[in-house]
Amino acid sequence: MEQKEKTGFIYVLTNESFHKANWIKIGYAEDVERRVRDLSGTSVPLPYKVYCTYEIPRINGTKDPDKLVHNLIQLLNPGLRISPNREFFEIDPWDAYDMLSAIAQMHGRSDKLKLYEVNESDKPEPADEEYSVESLFPPKTEIALLFNKISNVILSIDNAIKPKPLQRYVAFKKGEGKHCNIVCLWPKSGWIEMVLNVKLGSIKDESGLVYDISNRQWPSAQYALRFNEDTDMEVVKNIVKQICALKKK
């Protein structure tokens, strides 16, 4: 009788009690549900939630495959690890999912990658508190210069568009309510992710700069654009105009 191949799972966990909303835990377990129960019974006040898992075969000579992912993250950006020798990282869970998705595609194992139902805390959040642009894009920094550049373009398109700083991003709204967002600017390391508040197939982009973020399961924001110093401003302007036109319908 052929012996079944032993497998395990690299997992990404979120927890609403983490100090920051973009803190996640990346680990490895052969039984993820049991691992989550064990972790949730420790000192954290709220239970962990599974964001995604990637099933992999047992790697000979490697006790903890998740350490390979940890090392990859540290090579790309050493500042993302919250504490040395711990499994916690300052990364949005969907970015960790995208990284595992790229690894899965390289190995022809995309069917082994599972995205769980997105938790409310993982979606762009409304806020009752007052937040500031300066807290997200500190003055006299390169990221602030980028923000000013793209903000000026967005605001020049329609006088009714107003910026609204929230906890983790600045929303540009036309009117009130959660469905009035045009775009949202998320600060990244040396660039800005411009999340477009439109559904798939609703805008045209011949530049190839717009990419699909529907895997994040945000119902009204399914595209994004990476903005840096070299981004064509005419492309940005055209995209925002298209979204504004859609909001009028």
# chains A, B, ... in the order shown; residues from 1 in each chain; ligands from 1
call {"tool": "closest_atom_pairs", "arguments": {"of": "stretch 26-133 of chain A", "to": "stretch 151-166 of chain A", "cutoff": "6 Å", "atoms": "only C-alpha atoms", "output": "tab-separated table"}}
result
residue	atom	partner	partner_atom	distance
A:Tyr131	CA	A:Leu166	CA	5.5
A:Ser132	CA	A:Pro165	CA	5.5
A:Val133	CA	A:Pro165	CA	5.7
call {"tool": "write_last_selection", "arguments": {"atoms": "N, CA and C atoms", "output": "PDB file, in the first residue's frame"}}
result
ATOM      1  N   TYR A 131      -7.848  61.394  12.614  1.00  0.00           N
ATOM      2  CA  TYR A 131      -6.497  61.032  12.188  1.00  0.00           C
ATOM      3  C   TYR A 131      -5.957  62.148  11.308  1.00  0.00           C
ATOM      4  N   SER A 132      -4.664  62.135  11.069  1.00  0.00           N
ATOM      5  CA  SER A 132      -4.057  63.212  10.285  1.00  0.00           C
ATOM      6  C   SER A 132      -3.239  62.651   9.131  1.00  0.00           C
ATOM      7  N   VAL A 133      -3.137  63.452   8.087  1.00  0.00           N
ATOM      8  CA  VAL A 133      -2.281  63.094   6.957  1.00  0.00           C
ATOM      9  C   VAL A 133      -0.835  62.981   7.425  1.00  0.00           C
TER      10      VAL A 133
END
call {"tool": "closest_atom_pairs", "arguments": {"of": "stretch 71-114 of chain A", "to": "stretch 214-234 of chain A", "cutoff": "9 Å", "atoms": "only C-alpha atoms", "output": "Markdown table"}}
result
| residue | atom | partner | partner_atom | distance |
| --- | --- | --- | --- | --- |
| A:Pro93 | CA | A:Arg216 | CA | 8.8 |
| A:Trp94 | CA | A:Arg216 | CA | 6.0 |
| A:Tyr97 | CA | A:Asn215 | CA | 8.8 |
| A:Asp98 | CA | A:Asn215 | CA | 8.7 |
call {"tool": "write_last_selection", "arguments": {"atoms": "N, CA and C atoms", "output": "mmCIF file, in the first residue's frame"}}
result
data_model
loop_
_atom_site.group_PDB
_atom_site.id
_atom_site.type_symbol
_atom_site.label_atom_id
_atom_site.label_comp_id
_atom_site.auth_asym_id
_atom_site.auth_seq_id
_atom_site.Cartn_x
_atom_site.Cartn_y
_atom_site.Cartn_z
ATOM 1 N N PRO A 93 -1.956 41.456 5.667
ATOM 2 C CA PRO A 93 -2.147 40.021 5.394
ATOM 3 C C PRO A 93 -2.290 39.700 3.914
ATOM 4 N N TRP A 94 -2.889 40.626 3.145
ATOM 5 C CA TRP A 94 -3.034 40.357 1.707
ATOM 6 C C TRP A 94 -1.686 40.401 0.992
ATOM 7 N N TYR A 97 -0.277 37.046 1.583
ATOM 8 C CA TYR A 97 -0.983 36.125 0.686
ATOM 9 C C TYR A 97 -0.411 36.201 -0.722
ATOM 10 N N ASP A 98 -0.176 37.408 -1.216
ATOM 11 C CA ASP A 98 0.385 37.579 -2.562
ATOM 12 C C ASP A 98 1.761 36.927 -2.671
#
call {"tool": "residues_around", "arguments": {"residues": "stretch 66-81 of chain A", "least_positions_apart": "3", "cutoff": "12 Å", "atoms": "only C-alpha atoms", "output": "JSON, numbers by chain"}}
result
{"A": [8, 9, 10, 11, 12, 22, 23, 24, 25, 26, 27, 28, 29, 30, 53, 54, 55, 56, 58, 59, 62, 63, 84, 85, 86, 87, 88, 89, 90, 91, 92, 95, 96, 97, 99, 100, 103, 188, 189, 190]}
call {"tool": "write_last_selection", "arguments": {"atoms": "C-alpha atoms", "output": "PDB file, in the first residue's frame"}}
result
ATOM      1  CA  GLY A   8       1.878  20.669   6.526  1.00  0.00           C
ATOM      2  CA  PHE A   9       0.690  24.233   6.185  1.00  0.00           C
ATOM      3  CA  ILE A  10       2.339  27.624   6.195  1.00  0.00           C
ATOM      4  CA  TYR A  11      -0.288  29.855   7.751  1.00  0.00           C
ATOM      5  CA  VAL A  12      -0.954  33.585   8.089  1.00  0.00           C
ATOM      6  CA  ASN A  22      -1.048  45.235   9.865  1.00  0.00           C
ATOM      7  CA  TRP A  23       0.729  42.912  12.300  1.00  0.00           C
ATOM      8  CA  ILE A  24       0.460  39.243  11.343  1.00  0.00           C
ATOM      9  CA  LYS A  25       1.866  35.911  12.436  1.00  0.00           C
ATOM     10  CA  ILE A  26       3.415  33.559   9.865  1.00  0.00           C
ATOM     11  CA  GLY A  27       4.054  30.012  11.025  1.00  0.00           C
ATOM     12  CA  TYR A  28       3.935  26.332  10.115  1.00  0.00           C
ATOM     13  CA  ALA A  29       1.798  23.501  11.469  1.00  0.00           C
ATOM     14  CA  GLU A  30       0.526  20.133  10.348  1.00  0.00           C
ATOM     15  CA  THR A  53      -2.845  28.738   4.375  1.00  0.00           C
ATOM     16  CA  TYR A  54      -0.472  27.155   1.877  1.00  0.00           C
ATOM     17  CA  GLU A  55      -0.204  23.355   1.977  1.00  0.00           C
ATOM     18  CA  ILE A  56       3.272  21.990   1.273  1.00  0.00           C
ATOM     19  CA  ARG A  58       7.302  17.760   4.191  1.00  0.00           C
ATOM     20  CA  ILE A  59      10.735  19.106   3.215  1.00  0.00           C
ATOM     21  CA  THR A  62      13.894  21.238   7.147  1.00  0.00           C
ATOM     22  CA  LYS A  63      12.155  21.181  10.514  1.00  0.00           C
ATOM     23  CA  PRO A  84      14.086  38.790  16.251  1.00  0.00           C
ATOM     24  CA  ASN A  85      13.400  35.042  16.381  1.00  0.00           C
ATOM     25  CA  ARG A  86       9.628  35.598  16.551  1.00  0.00           C
ATOM     26  CA  GLU A  87       6.986  34.843  13.906  1.00  0.00           C
ATOM     27  CA  PHE A  88       5.415  38.313  13.882  1.00  0.00           C
ATOM     28  CA  PHE A  89       5.724  40.726  10.963  1.00  0.00           C
ATOM     29  CA  GLU A  90       4.467  44.192  10.101  1.00  0.00           C
ATOM     30  CA  ILE A  91       2.872  43.285   6.779  1.00  0.00           C
ATOM     31  CA  ASP A  92      -0.693  43.547   5.537  1.00  0.00           C
ATOM     32  CA  ASP A  95       0.623  41.171   0.922  1.00  0.00           C
ATOM     33  CA  ALA A  96       1.669  37.972   2.704  1.00  0.00           C
ATOM     34  CA  TYR A  97      -0.983  36.125   0.686  1.00  0.00           C
ATOM     35  CA  MET A  99       3.882  36.411  -1.612  1.00  0.00           C
ATOM     36  CA  LEU A 100       2.658  32.863  -0.912  1.00  0.00           C
ATOM     37  CA  ILE A 103       5.646  30.898  -4.439  1.00  0.00           C
ATOM     38  CA  LYS A 188       4.211  51.811   1.703  1.00  0.00           C
ATOM     39  CA  SER A 189       8.001  51.672   1.907  1.00  0.00           C
ATOM     40  CA  GLY A 190       9.104  54.258  -0.667  1.00  0.00           C
TER      41      GLY A 190
END
call {"tool": "atom_distance", "arguments": {"atom1": "atom CA of A:Trp191", "atom2": "atom CA of A:Arg168"}}
result
14.5 Å
call {"tool": "select_by_dssp", "arguments": {"residues": "stretch 33-184 of chain A", "states": "strand (DSSP E or B)", "output": "list in words"}}
result
Lys49, Val50, Tyr51, Cys52, Thr53, Tyr54, Glu55, Ile56, Pro57, Arg81, Phe88, Phe89, Glu90, Leu113, Lys114, Leu115, Lys162, Pro163, Lys164, Pro165, Val170, Ala171, Phe172, Lys173, Asn181, Ile182, Val183 and Cys184 of chain A
call {"tool": "atom_distance", "arguments": {"atom1": "atom CA of A:Leu209", "atom2": "atom CA of A:Cys52"}}
result
26.3 Å
call {"tool": "select_by_dssp", "arguments": {"residues": "stretch 15-45 of chain A", "states": "alpha helix (DSSP H)", "output": "PyMOL selection string"}}
result
chain A and resi 32-40
call {"tool": "write_last_selection", "arguments": {"atoms": "C-alpha atoms", "output": "short mmCIF file (atom, residue, chain, number, x, y, z; two decimals), in the first residue's frame"}}
result
data_model
loop_
_atom_site.label_atom_id
_atom_site.label_comp_id
_atom_site.auth_asym_id
_atom_site.auth_seq_id
_atom_site.Cartn_x
_atom_site.Cartn_y
_atom_site.Cartn_z
CA VAL A 32 -3.63 24.57 11.67
CA GLU A 33 -6.92 24.46 13.60
CA ARG A 34 -5.21 22.89 16.60
CA ARG A 35 -2.36 25.41 16.36
CA VAL A 36 -4.84 28.31 16.33
CA ARG A 37 -6.63 26.90 19.39
CA ASP A 38 -3.33 26.53 21.24
CA LEU A 39 -2.19 30.06 20.37
CA SER A 40 -5.56 31.59 21.22
#
